[in-house]
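Novice: Structure in structure tokens, see below.
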Amino acid sequence: MADGGILSMTDVTFRWPGRPGFALTVPAFAMAKGDAVMIVGDSGSGKSTLLSLICGTLRAASGSLHVAGTDLGRLSAAERDRFRADRIGVIFQQFNLLPYGSVRDNILLPLVFSPKRRGRATDVDAEVLRLCTAMGLEPEVIGMSAGRLSVGQQQRVAVARALIGQPELVVADEPTSALDQRAQTGFLDLLFEQMQVAGSSLLLVSHDTRLGRRFDRVERIEEIALTERKAA
Ligand SMILES: Nc1ncnc2c1ncn2[C@@H]1O[C@H](COP(=O)(O)OP(=O)(O)OP(=O)(O)O)[C@@H](O)[C@H]1O
């Protein structure tokens, strides 16, 4: 990628297989390293689809999509999985924690898939404790099953899991949707602090424009992507 940014998309197109009614085209979208960008837009407007393309869980039909200098279009599905494990921390809308796994095991999961991230966390237990403490979780929860935690606690575990091993990019899909406004503010404070510590860039999707003031940029999905939505 010419400018050394974390993300660059040019003329990217995508269509869900067997769903002729929805198509997404991104003429040009880029993020510099260290940027925190928020994407807002209505339900069904394609925000999660865009994040899945950036994470490499979906493959663009055409165009150029680079993350941290790597052209995802040149990678096989297995190579994209490895790339995501190494370079991207993902915070899912429903957190996707393993309910019977301990908080520790959930946080360490990305390191199992990525020796590169494992190598950055020299003392993994110290790093789990640091991240939990930084995210406002009591040390006692580290050995508990994730399924026994409150929604707010699970959300904090999901952030710790995304940040362990310092991925260059963190992608978050509606991570605050289950919280009330006061809890959202506290959660974002902690998330931003830890983004700084890890030196990661953040791309976060939300419905809630009120969260936008702490981001470098807030973009409406309609300004980034042309979507075609017809009843299929
Ligand atoms: N797995 C899938 N298979 C087929 N179509 C899908 C799939 N996932 C999403 N879509 C369709 O793609 C379009 C965009 O959905 P997407 O989830 O990207 O929107 P969104 O903006 O993230 O919505 P929300 O804010 O409700 O999460 C919708 O028409 C949706 O029905």
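Chains: A, B, ... in order of the structure tokens. Residues: from 1 per chain. Ligands: from 1, in order shown.
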Which residues are near ligand 1 in this structure, taking near to mean any atom at most 7 Å from a ligand atom and counting only C-alpha atoms and all ligand atoms? Format them as JSON, numbers by chain.
Specialist: {"A": [16, 17, 19, 22, 41, 42, 43, 44, 45, 46, 47, 48, 49, 50, 207, 229]}
Novice: Compile a residue-level contact table for region 171-207 of chain A against region 83-87 of chain A at a cut-off of 12 Å, reporting for every qualifying residue the shortest atom pair and its distance in Å to one decimal, with only C-alpha atoms counted, rows ordered by chain and ascending number, as a tab-separated table.
Specialist:
```
residue	atom	partner	partner_atom	distance
A:Val171	CA	A:Arg84	CA	10.6
A:Ser200	CA	A:Arg87	CA	9.8
A:Ser201	CA	A:Arg87	CA	10.9
```
Novice: Using only C-alpha atoms, which of A:Val157, A:Leu72, A:Ile39, A:Leu131 sits nearest Glu174 (chain A)?
Specialist: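 The closest residue to Glu174 (chain A) is A:Ile39.
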Novice: Of the residues A:Gln153, A:Ser114, A:Thr227, A:Gln93, which is the one nearest to Pro20 (chain A), using only C-alpha atoms?
Specialist: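 Checking each candidate against Pro20 (chain A), we get A:Thr227 as the closest.
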Novice: Interatomic distance between CA of Gly199 (chain A) and CA of Ile221 (chain A)?
Specialist: 25.3 Å
Novice: Check region 6-207 of chain A with DSSP on the backbone and list each residue it calls alpha helix (DSSP H), as a count of residues only.
Specialist: 79
Novice: If you take only C-alpha atoms and a cut-off of 12 Å, which residues of region 14-94 of chain A touch region 178-198 of chain A, and what are their nearest atom pairs and distances in Å to one decimal, in chain and number order, as a Markdown table?
Specialist:
```
| residue | atom | partner | partner_atom | distance |
| --- | --- | --- | --- | --- |
| A:Lys33 | CA | A:Gln196 | CA | 11.7 |
| A:Gly34 | CA | A:Gln196 | CA | 8.2 |
| A:Asp35 | CA | A:Met195 | CA | 10.1 |
| A:Ala36 | CA | A:Phe192 | CA | 8.8 |
| A:Val37 | CA | A:Phe192 | CA | 11.7 |
| A:Gly89 | CA | A:Met195 | CA | 10.8 |
| A:Ile91 | CA | A:Leu191 | CA | 11.1 |
| A:Gln93 | CA | A:Ala178 | CA | 9.0 |
| A:Gln94 | CA | A:Ala178 | CA | 9.1 |
```
Novice: Let me see the file: selected residues, C-alpha atoms, as an mmCIF file, in the first residue's frame.
Specialist:
```cif
data_model
loop_
_atom_site.group_PDB
_atom_site.id
_atom_site.type_symbol
_atom_site.label_atom_id
_atom_site.label_comp_id
_atom_site.auth_asym_id
_atom_site.auth_seq_id
_atom_site.Cartn_x
_atom_site.Cartn_y
_atom_site.Cartn_z
ATOM 1 C CA LYS A 33 -2.247 3.859 10.976
ATOM 2 C CA GLY A 34 -3.529 4.756 14.440
ATOM 3 C CA ASP A 35 -6.835 6.152 13.127
ATOM 4 C CA ALA A 36 -10.049 5.559 15.046
ATOM 5 C CA VAL A 37 -12.937 5.562 12.590
ATOM 6 C CA GLY A 89 -8.582 -8.138 16.667
ATOM 7 C CA ILE A 91 -15.036 -7.658 18.655
ATOM 8 C CA GLN A 93 -21.749 -7.927 18.063
ATOM 9 C CA GLN A 94 -22.654 -10.960 20.215
#
```
Novice: Can you pull out the residues contacting Phe29 (chain A)? Cut-off 8 Å, using only C-alpha atoms, and skip same-chain residues under 5 positions away; I want them as a list in words.
Specialist: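 Listing them by chain and then by number gives Leu7, Ser8, Met9, Thr10 and Ile224 of chain A.
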Novice: Keeping only C-alpha atoms, take the residues you just selected and write them out as a compact mmCIF listing (two decimals), in the first residue's frame.
Specialist:
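Wrote again.txt, looks like this:
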```txt
# COMPACT_ATOMS: atom_id res chain seq x y z
CA LEU A 7 -6.60 0.03 5.32
CA SER A 8 -7.16 0.88 1.69
CA MET A 9 -10.14 -0.10 -0.45
CA THR A 10 -10.55 0.83 -4.10
CA ILE A 224 -18.40 5.02 1.82
```
Novice: Nearest to Ala160 (chain A): which of A:Cys132, A:Ala225, A:Met31, A:Ala146 is it, counting only C-alpha atoms?
Specialist: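 So, comparing all the options, the nearest one is A:Cys132.
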Novice: So how many Å separate CA of Ala28 (chain A) and CA of Val12 (chain A), to one decimal?
Specialist: 8.1 Å
Novice: Tell me which of A:Pro175, A:Pro115, A:Gly18, A:Gly56 sits closest to Ala78 (chain A), counting only C-alpha atoms.
Specialist: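 Nearest to Ala78 (chain A): A:Gly56.
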Novice: Using DSSP on the backbone coordinates, identify all residues within region 130-183 of chain A classified as strand (DSSP E or B); present the result as a list in words.
Specialist: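 Across region 130-183 of chain A, those assigned strand (DSSP E or B) are Ser145, Leu169, Val170, Val171, Ala172 and Asp173 of chain A.
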Novice: Would you write out those residues with C-alpha atoms, as a CSV table (one decimal), in the first residue's frame?
Specialist:
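Output below, filename out-v4.csv:
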```
chain,number,residue,atom,x,y,z
A,145,SER,CA,-16.6,-19.5,32.9
A,169,LEU,CA,-6.3,-3.3,13.5
A,170,VAL,CA,-9.2,-3.8,15.8
A,171,VAL,CA,-12.6,-4.2,14.2
A,172,ALA,CA,-15.7,-3.9,16.4
A,173,ASP,CA,-19.3,-4.5,15.3
```
Novice: Which polymer residues have any atom within 10 Å of an atom of Glu127 (chain A), counting only C-alpha atoms, with same-chain residues fewer than 4 positions away left out, as a list in words?
Specialist: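 Listed by chain and then number, they are Ile107, Leu108, Ala121, Thr122, Asp123, Leu131, Cys132, Thr133, Ala160, Ile164 and Gly165 of chain A.
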